[in-house]
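Enquirer: Provided below: query-v2.tsv, containing TSV, C-alpha atoms (C1' of nucleotides).
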chain	number	residue	atom	x	y	z
A	12	MET	CA	5.17	-14.85	19.10
A	13	SER	CA	5.13	-18.57	19.78
A	14	GLN	CA	2.74	-19.29	22.60
A	15	GLY	CA	0.11	-17.54	24.63
A	16	ASN	CA	-1.51	-15.46	21.93
A	17	THR	CA	-4.50	-17.60	21.11
A	18	ALA	CA	-6.88	-15.24	22.85
A	19	VAL	CA	-5.46	-12.33	20.96
A	20	THR	CA	-6.04	-13.86	17.54
A	21	GLU	CA	-9.66	-14.31	18.46
A	22	GLN	CA	-10.33	-10.62	18.70
A	23	LEU	CA	-12.05	-10.27	15.37
A	24	ARG	CA	-13.39	-12.74	12.90
A	25	THR	CA	-14.61	-10.49	10.12
A	26	LEU	CA	-13.61	-7.22	8.57
A	27	GLU	CA	-17.10	-5.96	9.27
A	28	ASP	CA	-16.41	-6.36	12.97
A	29	ALA	CA	-13.24	-4.39	12.42
A	30	GLN	CA	-15.02	-1.64	10.52
A	31	ALA	CA	-17.63	-1.40	13.23
A	32	MET	CA	-14.89	-0.93	15.79
A	33	ILE	CA	-13.24	1.73	13.71
A	34	GLU	CA	-16.46	3.66	13.28
A	35	SER	CA	-17.21	3.41	16.99
A	36	GLY	CA	-13.95	5.25	17.62
A	37	GLN	CA	-12.49	2.47	19.76
A	38	CYS	CA	-9.42	2.18	17.60
A	39	PRO	CA	-6.90	5.03	17.96
A	40	ILE	CA	-5.36	4.26	14.59
A	41	PRO	CA	-7.46	2.73	11.83
A	42	PRO	CA	-6.13	-0.36	10.03
A	43	ARG	CA	-6.03	1.62	6.84
A	44	GLU	CA	-3.20	3.65	8.28
A	45	ILE	CA	-1.40	0.50	9.33
A	46	LEU	CA	-1.61	-0.74	5.80
A	47	ASP	CA	-0.27	2.56	4.54
A	48	LYS	CA	2.78	2.06	6.73
A	49	ILE	CA	3.81	-1.21	5.21
A	50	ALA	CA	2.49	-0.45	1.75
A	51	GLY	CA	5.35	1.86	0.89
A	52	LYS	CA	7.96	0.59	-1.50
A	53	TRP	CA	10.62	0.08	1.18
A	54	ALA	CA	9.03	-0.44	4.59
A	55	ILE	CA	8.81	-4.23	4.47
A	56	GLN	CA	12.36	-4.68	3.29
A	57	ILE	CA	13.51	-2.44	6.10
A	58	ILE	CA	11.57	-4.43	8.68
A	59	VAL	CA	13.10	-7.63	7.34
A	60	ALA	CA	16.59	-6.17	7.36
A	61	THR	CA	16.31	-4.83	10.90
A	62	SER	CA	14.68	-7.93	12.35
A	63	ARG	CA	17.90	-9.79	12.99
A	64	GLY	CA	19.66	-7.27	15.13
A	65	PRO	CA	21.12	-3.77	14.91
A	66	ILE	CA	22.12	-2.60	11.48
A	67	ARG	CA	23.70	0.63	10.30
A	68	PHE	CA	22.38	3.16	7.81
A	69	THR	CA	24.97	2.40	5.16
A	70	GLU	CA	24.48	-1.33	5.51
A	71	LEU	CA	20.77	-0.83	4.90
A	72	GLU	CA	21.56	1.31	1.90
A	73	ARG	CA	23.64	-1.50	0.40
A	74	LEU	CA	21.27	-4.29	1.42
A	75	ILE	CA	18.11	-2.72	0.05
A	76	GLN	CA	18.90	-2.45	-3.60
A	77	GLY	CA	17.63	0.54	-5.49
A	78	VAL	CA	16.66	2.63	-2.50
A	79	SER	CA	17.67	6.27	-2.54
A	80	ARG	CA	19.09	8.06	0.48
A	81	ARG	CA	16.05	10.23	0.72
A	82	MET	CA	13.53	7.39	0.73
A	83	LEU	CA	15.60	5.30	3.11
A	84	THR	CA	15.72	8.18	5.56
A	85	LEU	CA	12.04	9.03	5.20
A	86	THR	CA	10.92	5.44	5.62
A	87	LEU	CA	13.19	4.90	8.63
A	88	ARG	CA	11.78	8.04	10.25
A	89	ASN	CA	8.21	6.94	9.72
A	90	LEU	CA	8.86	3.49	11.11
A	91	GLU	CA	10.69	4.98	14.08
A	92	ARG	CA	7.89	7.42	14.72
A	93	ASP	CA	5.38	4.59	14.87
A	94	GLY	CA	7.51	2.64	17.31
A	95	LEU	CA	8.39	-0.11	14.85
A	96	LEU	CA	12.09	0.72	14.86
A	97	THR	CA	14.60	1.92	17.41
A	98	ARG	CA	17.30	4.35	16.36
A	99	THR	CA	20.48	4.37	18.44
A	100	VAL	CA	23.08	7.08	17.91
A	101	HIS	CA	26.61	6.29	19.07
A	102	PRO	CA	28.36	9.63	19.66
A	103	THR	CA	31.59	8.64	17.98
A	104	VAL	CA	33.65	10.05	15.14
A	105	PRO	CA	32.63	9.20	12.55
A	106	PRO	CA	29.03	8.89	13.71
A	107	LYS	CA	27.44	5.46	14.02
A	108	VAL	CA	23.68	4.98	13.98
A	109	GLU	CA	21.99	1.65	14.37
A	110	TYR	CA	18.42	0.60	13.62
A	111	GLU	CA	16.59	-2.40	15.02
A	112	ALA	CA	13.06	-3.73	14.76
A	113	THR	CA	10.96	-3.64	17.93
A	114	PRO	CA	8.95	-6.65	19.17
A	115	MET	CA	5.85	-4.98	17.76
A	116	ALA	CA	7.47	-4.92	14.32
A	117	LEU	CA	8.40	-8.59	14.60
A	118	GLU	CA	4.77	-9.41	15.18
A	119	LEU	CA	3.84	-7.37	12.14
A	120	TYR	CA	6.44	-9.34	10.23
A	121	GLU	CA	4.61	-12.52	11.22
A	122	ALA	CA	1.32	-11.06	10.06
A	123	MET	CA	2.92	-10.20	6.75
A	124	LEU	CA	3.74	-13.87	6.28
A	125	THR	CA	0.05	-14.65	6.03
A	126	LEU	CA	-0.25	-12.31	3.09
A	127	THR	CA	2.96	-13.55	1.53
A	128	ASN	CA	1.76	-17.13	1.73
A	129	TRP	CA	-1.50	-16.12	0.13
A	130	SER	CA	0.39	-14.54	-2.73
A	131	LEU	CA	2.59	-17.59	-3.19
A	132	ARG	CA	-0.40	-19.89	-3.20
A	133	HIS	CA	-2.33	-17.81	-5.72
A	134	SER	CA	0.22	-16.08	-7.87
A	135	SER	CA	-0.21	-18.55	-10.71
A	136	CYS	CA	-3.99	-18.11	-10.54
A	137	VAL	CA	-3.57	-14.36	-10.69
A	138	ALA	CA	-1.15	-14.66	-13.59
A	139	VAL	CA	-3.63	-16.81	-15.50
A	140	ALA	CA	-6.53	-14.49	-14.71
A	141	ARG	CA	-4.54	-11.57	-16.02
A	142	ALA	CA	-3.56	-13.30	-19.21
A	143	GLU	CA	-7.19	-14.21	-19.85
A	144	TYR	CA	-8.42	-10.73	-19.04
A	145	ASP	CA	-5.84	-9.13	-21.29
A	146	ALA	CA	-6.69	-11.57	-24.05
A	147	ARG	CA	-10.40	-10.76	-24.07
A	148	THR	CA	-10.29	-7.09	-23.20
A	149	PRO	CA	-8.71	-5.58	-26.32
A	150	GLY	CA	-11.19	-7.53	-28.47
B	27	MET	CA	-10.72	-21.91	5.34
B	28	SER	CA	-11.53	-23.96	8.40
B	29	GLN	CA	-9.90	-27.36	7.98
B	30	GLY	CA	-7.45	-29.06	5.70
B	31	ASN	CA	-5.10	-26.18	5.05
B	32	THR	CA	-2.42	-26.97	7.61
B	33	ALA	CA	0.04	-28.00	4.95
B	34	VAL	CA	-0.60	-24.82	3.03
B	35	THR	CA	0.09	-22.52	5.94
B	36	GLU	CA	3.40	-24.28	6.44
B	37	GLN	CA	4.77	-23.17	3.11
B	38	LEU	CA	6.96	-20.44	4.47
B	39	ARG	CA	8.03	-19.49	7.92
B	40	THR	CA	10.14	-16.43	7.29
B	41	LEU	CA	10.12	-13.53	4.85
B	42	GLU	CA	13.69	-14.47	3.97
B	43	ASP	CA	12.41	-17.77	2.64
B	44	ALA	CA	9.87	-15.81	0.64
B	45	GLN	CA	12.45	-13.44	-0.75
B	46	ALA	CA	14.67	-16.36	-1.71
B	47	MET	CA	11.75	-17.85	-3.61
B	48	ILE	CA	11.07	-14.60	-5.37
B	49	GLU	CA	14.68	-14.20	-6.43
B	50	SER	CA	14.80	-17.76	-7.68
B	51	GLY	CA	12.00	-16.88	-10.07
B	52	GLN	CA	9.64	-19.53	-8.73
B	53	CYS	CA	6.92	-17.01	-7.97
B	54	PRO	CA	5.08	-15.65	-11.04
B	55	ILE	CA	3.90	-12.60	-9.16
B	56	PRO	CA	5.99	-11.20	-6.29
B	57	PRO	CA	4.26	-10.48	-2.97
B	58	ARG	CA	5.07	-6.82	-3.42
B	59	GLU	CA	2.60	-6.70	-6.26
B	60	ILE	CA	-0.01	-8.44	-4.13
B	61	LEU	CA	0.44	-5.79	-1.51
B	62	ASP	CA	0.08	-3.10	-4.16
B	63	LYS	CA	-3.28	-4.57	-5.07
B	64	ILE	CA	-4.77	-4.21	-1.64
B	65	ALA	CA	-2.83	-1.11	-0.69
B	66	GLY	CA	-4.95	1.19	-2.83
B	67	LYS	CA	-7.39	3.42	-1.07
B	68	TRP	CA	-10.47	1.43	-2.08
B	69	ALA	CA	-9.55	-2.18	-2.86
B	70	ILE	CA	-10.18	-3.59	0.62
B	71	GLN	CA	-13.53	-1.90	0.99
B	72	ILE	CA	-14.55	-3.26	-2.38
B	73	ILE	CA	-13.52	-6.78	-1.42
B	74	VAL	CA	-15.54	-6.48	1.78
B	75	ALA	CA	-18.56	-5.12	-0.06
B	76	THR	CA	-18.50	-7.82	-2.73
B	77	SER	CA	-17.85	-10.69	-0.36
B	78	ARG	CA	-21.50	-11.24	0.54
B	79	GLY	CA	-22.90	-11.78	-2.89
B	80	PRO	CA	-23.47	-9.87	-6.13
B	81	ILE	CA	-23.65	-6.12	-5.83
B	82	ARG	CA	-24.26	-3.43	-8.43
B	83	PHE	CA	-22.05	-0.53	-9.42
B	84	THR	CA	-24.32	2.13	-7.99
B	85	GLU	CA	-24.75	0.23	-4.75
B	86	LEU	CA	-20.99	0.10	-4.37
B	87	GLU	CA	-20.81	3.81	-5.09
B	88	ARG	CA	-23.22	4.53	-2.26
B	89	LEU	CA	-21.73	1.98	0.13
B	90	ILE	CA	-18.14	3.07	-0.20
B	91	GLN	CA	-18.28	6.61	1.01
B	92	GLY	CA	-16.08	9.16	-0.65
B	93	VAL	CA	-15.13	7.10	-3.66
B	94	SER	CA	-15.27	8.78	-7.05
B	95	ARG	CA	-16.67	7.11	-10.13
B	96	ARG	CA	-13.32	7.04	-11.74
B	97	MET	CA	-11.54	5.34	-8.86
B	98	LEU	CA	-14.35	2.87	-8.33
B	99	THR	CA	-14.16	1.84	-11.96
B	100	LEU	CA	-10.38	1.65	-12.00
B	101	THR	CA	-10.18	-0.38	-8.82
B	102	LEU	CA	-12.92	-2.73	-9.96
B	103	ARG	CA	-11.08	-3.29	-13.24
B	104	ASN	CA	-7.83	-4.07	-11.50
B	105	LEU	CA	-9.45	-6.51	-9.12
B	106	GLU	CA	-11.29	-8.15	-11.99
B	107	ARG	CA	-8.12	-8.43	-14.02
B	108	ASP	CA	-6.39	-10.24	-11.18
B	109	GLY	CA	-9.23	-12.67	-10.80
B	110	LEU	CA	-10.39	-11.35	-7.44
B	111	LEU	CA	-13.74	-10.18	-8.74
B	112	THR	CA	-16.25	-11.38	-11.28
B	113	ARG	CA	-18.12	-8.87	-13.41
B	114	THR	CA	-21.49	-9.94	-14.79
B	115	VAL	CA	-23.26	-7.82	-17.38
B	116	HIS	CA	-27.01	-8.30	-17.71
B	117	PRO	CA	-27.98	-7.12	-21.20
B	118	THR	CA	-31.07	-5.23	-20.07
B	119	VAL	CA	-32.25	-1.67	-20.42
B	120	PRO	CA	-31.08	0.09	-18.39
B	121	PRO	CA	-27.89	-1.96	-18.06
B	122	LYS	CA	-27.23	-3.93	-14.91
B	123	VAL	CA	-23.74	-4.97	-13.89
B	124	GLU	CA	-22.97	-7.04	-10.84
B	125	TYR	CA	-19.68	-7.63	-9.07
B	126	GLU	CA	-18.81	-10.46	-6.72
B	127	ALA	CA	-15.70	-11.58	-4.89
B	128	THR	CA	-14.13	-14.86	-5.99
B	129	PRO	CA	-13.08	-17.60	-3.53
B	130	MET	CA	-9.50	-16.41	-3.95
B	131	ALA	CA	-10.53	-12.95	-2.78
B	132	LEU	CA	-12.32	-14.40	0.22
B	133	GLU	CA	-9.10	-16.08	1.27
B	134	LEU	CA	-7.29	-12.79	0.88
B	135	TYR	CA	-9.96	-11.24	3.05
B	136	GLU	CA	-9.10	-13.78	5.75
B	137	ALA	CA	-5.42	-12.97	5.43
B	138	MET	CA	-6.23	-9.31	5.83
B	139	LEU	CA	-7.78	-10.08	9.19
B	140	THR	CA	-4.35	-11.00	10.53
B	141	LEU	CA	-3.13	-7.52	9.72
B	142	THR	CA	-6.27	-5.90	11.03
B	143	ASN	CA	-5.95	-7.71	14.30
B	144	TRP	CA	-2.34	-6.64	14.59
B	145	SER	CA	-3.37	-3.05	14.10
B	146	LEU	CA	-6.14	-3.29	16.68
B	147	ARG	CA	-3.81	-4.87	19.20
B	148	HIS	CA	-1.11	-2.29	18.70
B	149	SER	CA	-2.82	0.89	17.69
B	150	SER	CA	-2.55	2.37	21.17
B	151	CYS	CA	1.15	1.51	21.26
B	152	VAL	CA	1.62	3.20	17.93
B	153	ALA	CA	-0.32	6.24	19.08
B	154	VAL	CA	1.87	6.53	22.19
B	155	ALA	CA	5.07	6.03	20.19
B	156	ARG	CA	4.00	8.80	17.85
B	157	ALA	CA	3.18	11.21	20.63
B	158	GLU	CA	6.54	10.58	22.23
B	159	TYR	CA	8.39	10.93	18.97
B	160	ASP	CA	6.62	14.16	18.11
B	161	ALA	CA	7.29	15.48	21.61
B	162	ARG	CA	11.04	14.96	21.44
B	163	THR	CA	11.64	15.64	17.76
B	164	PRO	CA	10.94	19.36	17.53
B	165	GLY	CA	13.22	19.95	20.53
C	2	DC	C1'	-27.23	2.69	-15.22
C	3	DA	C1'	-22.54	2.05	-15.89
C	4	DG	C1'	-18.96	3.72	-17.28
C	5	DG	C1'	-15.13	6.36	-20.72
C	6	DA	C1'	-12.36	10.62	-21.48
C	7	DT	C1'	-10.08	14.54	-19.96
C	8	DC	C1'	-7.96	17.79	-16.86
C	9	DC	C1'	-5.92	18.99	-12.48
C	10	DA	C1'	-3.94	18.65	-7.63
C	11	DA	C1'	-1.40	16.08	-4.20
C	12	DA	C1'	1.52	12.48	-2.71
C	13	DG	C1'	5.34	9.20	-3.64
C	14	DA	C1'	9.78	8.54	-5.23
C	15	DG	C1'	14.58	9.28	-7.77
C	16	DA	C1'	18.93	12.15	-8.45
C	17	DT	C1'	22.11	15.07	-6.84
C	18	DA	C1'	24.61	18.40	-4.03
C	19	DC	C1'	25.62	19.93	0.48
C	20	DT	C1'	26.65	19.46	5.91
C	21	DG	C1'	27.63	18.33	11.19
D	29	DC	C1'	29.01	8.33	8.31
D	30	DA	C1'	24.54	9.72	8.30
D	31	DG	C1'	21.99	12.43	7.02
D	32	DT	C1'	19.31	17.33	4.94
D	33	DA	C1'	17.74	20.28	1.01
D	34	DT	C1'	16.17	20.94	-3.47
D	35	DC	C1'	14.46	19.78	-7.93
D	36	DT	C1'	11.99	16.88	-10.89
D	37	DC	C1'	9.24	12.97	-12.60
D	38	DT	C1'	5.66	9.67	-11.85
D	39	DT	C1'	1.70	7.80	-9.66
D	40	DT	C1'	-2.63	8.30	-7.32
D	41	DG	C1'	-6.82	10.28	-6.80
D	42	DG	C1'	-10.66	13.90	-7.36
D	43	DA	C1'	-13.90	16.65	-10.44
D	44	DT	C1'	-16.33	17.12	-14.39
D	45	DC	C1'	-18.41	16.20	-18.76
D	46	DC	C1'	-19.88	12.89	-22.21
D	47	DT	C1'	-22.05	8.27	-24.11
D	48	DG	C1'	-24.18	3.37	-25.26
Translate this file's structure into structure tokens.

Expert:
Amino acid sequence: MSQGNTAVTEQLRTLEDAQAMIESGQCPIPPREILDKIAGKWAIQIIVATSRGPIRFTELERLIQGVSRRMLTLTLRNLERDGLLTRTVHPTVPPKVEYEATPMALELYEAMLTLTNWSLRHSSCVAVARAEYDARTPG
Amino acid sequence: MSQGNTAVTEQLRTLEDAQAMIESGQCPIPPREILDKIAGKWAIQIIVATSRGPIRFTELERLIQGVSRRMLTLTLRNLERDGLLTRTVHPTVPPKVEYEATPMALELYEAMLTLTNWSLRHSSCVAVARAEYDARTPG
DNA sequence: CAGGATCCAAAGAGATACTG
DNA sequence: CAGTATCTCTTTGGATCCTG
């Protein structure tokens, strides 16, 4: 974050450049897969919730409204597998497990802000476009 | 892009701010929905393909490898409905329909680059994390 | 040419009961 | 407490056939 990453943001200027890189096999994991990670219904909320320090499973379950045990577990596992989350088991009784976002995840969080700001800037436009489309499509 | 948008990029600095906005009902369309738009298997490729000027249905079909007619049509309709694409019908025989990205979509395209760059910077890290996870999980 | 309609398979996600 | 296992429903996407 903060300073020293100007060079890094200069890596690519167009998505075509990115696609060329992908096709040339220089990218171990294609951006499409990255998008899949955060596209799930719960991943972003988990990254937000774990970005301020260690948090326990049950706390997450309460914090992220509407999530089922199954999906919380699955999403946590996926994020952990990709190195976006650390999982620390304290061998106590009862068990205590804590999750925390890694620096890599915090950077992703920042990148997400770009998209979020886009959506905030244009959500009214999108809403209008939809209304117009829906108005002229049935007829 | 380029100049004059400093104020606009200052709108939000954290996802918590964004979530607060969403909950306060000030955002017609929540960022989650925005993500859903571009999370589909084909939306991004379509935005890329339509970002350089009008392009016809069949050209898209050839350009975007592996897409089925059905999915191409569905994705195009969704993008059009949200105002990210224009659809122009030329009443000729045989019919000719052209699609083109709107300015709003071009900005989204820019925002996507942030994510793409993140993925390029970290894809090796993710690959390593995965290998390690897979190595220690079975055992 | 540019789709619409229909059918089918796979993945995503919710509910619930059980366990170390 | 922090999961796993199972069952089911929904969504997403592919294949195919039909039409203005």

Enquirer: Show me, as a PyMOL selection string, the residues that have an atom within 10 Å of DC19 in chain C when counting all atoms listed in the file, minus same-chain residues fewer than 2 positions from it.

Expert: (chain C and resi 17) or (chain D and resi 32-33)

Enquirer: Tell me which protein, DNA and RNA residues are within 10 Å of range 51-64 of chain A, counting only C-alpha atoms (C1' of nucleotides), leaving out same-chain ones fewer than 4 positions away, and put them as a PyMOL selection string.

Expert: (chain A and resi 46-47+70-72+74-78+82-83+85-87+89-90+95-97+109-114+116-117+119-120+123) or (chain B and resi 40-42+45+58+61-62+65) or (chain C and resi 13-14)

Enquirer: Please, which residues in chain C fall within 10 Å of chain B when counting all atoms listed in the file, and what is the closest atom pair and distance in Å to one decimal for each, ordered by chain then residue number, as a Markdown table?

Expert:
| residue | atom | partner | partner_atom | distance |
| --- | --- | --- | --- | --- |
| C:DC2 | C1' | B:Pro121 | CA | 5.5 |
| C:DA3 | C1' | B:Phe83 | CA | 7.0 |
| C:DG4 | C1' | B:Thr99 | CA | 7.4 |
| C:DG5 | C1' | B:Arg96 | CA | 9.2 |

Enquirer: Which value, in Å to one decimal, gives the distance between CA of Glu44 in chain A and CA of Ile60 in chain B?

Expert: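 Going from CA of Glu44 in chain A over to CA of Ile60 in chain B, I get 17.6 Å.
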
Enquirer: So that I can check the surroundings of Ala137 in chain B, please list as an NGL selection string every protein, DNA and RNA residue that reaches within 10 Å of it, counting all atoms listed in the file and ignoring chain neighbours fewer than 6 positions away.

Expert: (:A and (122-129)) or (:B and (131))

Enquirer: Pull C-alpha atoms from the residues just selected and write them as a compact mmCIF listing (two decimals), keeping the file's coordinate frame.

Expert:
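Saved file selection-v7.txt follows:
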# COMPACT_ATOMS: atom_id res chain seq x y z
CA ALA A 122 1.32 -11.06 10.06
CA MET A 123 2.92 -10.20 6.75
CA LEU A 124 3.74 -13.87 6.28
CA THR A 125 0.05 -14.65 6.03
CA LEU A 126 -0.25 -12.31 3.09
CA THR A 127 2.96 -13.55 1.53
CA ASN A 128 1.76 -17.13 1.73
CA TRP A 129 -1.50 -16.12 0.13
CA ALA B 131 -10.53 -12.95 -2.78

Enquirer: Could you give me, as JSON lines, every chain D residue with an atom at most 12 Å from chain B, plus its closest atom pair and distance in Å to one decimal, counting only C-alpha atoms (C1' of nucleotides), rows ordered by chain then number?

Expert:
{"residue": "D:DT39", "atom": "C1'", "partner": "B:Gly66", "partner_atom": "CA", "distance": 11.6}
{"residue": "D:DT40", "atom": "C1'", "partner": "B:Gly66", "partner_atom": "CA", "distance": 8.7}
{"residue": "D:DG41", "atom": "C1'", "partner": "B:Met97", "partner_atom": "CA", "distance": 7.1}
{"residue": "D:DG42", "atom": "C1'", "partner": "B:Ser94", "partner_atom": "CA", "distance": 6.9}
{"residue": "D:DA43", "atom": "C1'", "partner": "B:Ser94", "partner_atom": "CA", "distance": 8.7}
{"residue": "D:DT44", "atom": "C1'", "partner": "B:Arg96", "partner_atom": "CA", "distance": 10.8}
{"residue": "D:DG48", "atom": "C1'", "partner": "B:Pro121", "partner_atom": "CA", "distance": 9.7}

Enquirer: Provide as a list in words the residues of chain A at most 6 Å from chain B, counting only C-alpha atoms.

Expert: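 The complete set of qualifying residues is Pro39, Ile40, Pro42, Ala50, Arg92, Asp93, Gly94, Ala122, Thr125, Leu126, Thr127, Ser130, Ser134, Val137, Ala140, Arg141 and Tyr144 of chain A.
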
Enquirer: Do you have the CA of Val100 in chain A-C1' of DC29 in chain D distance handy?

Expert: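 Interatomic distance here is 11.4 Å.
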
Enquirer: Between C1' of DT20 in chain C and CA of Arg98 in chain A, what is the distance, to one decimal in Å?

Expert: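 Spanning C1' of DT20 in chain C to CA of Arg98 in chain A is a straight-line distance of 20.6 Å.
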
Enquirer: Would you place a box with edges along x, y and z of the file around all atoms of range 32-40 of chain D listed there, add 5 Å to each of its six sides, and report the centre and edge lengths in Å to one decimal, as JSON?

Expert:
{"center_x": 8.3, "center_y": 14.4, "center_z": -3.8, "size_x": 31.9, "size_y": 23.1, "size_z": 27.5}
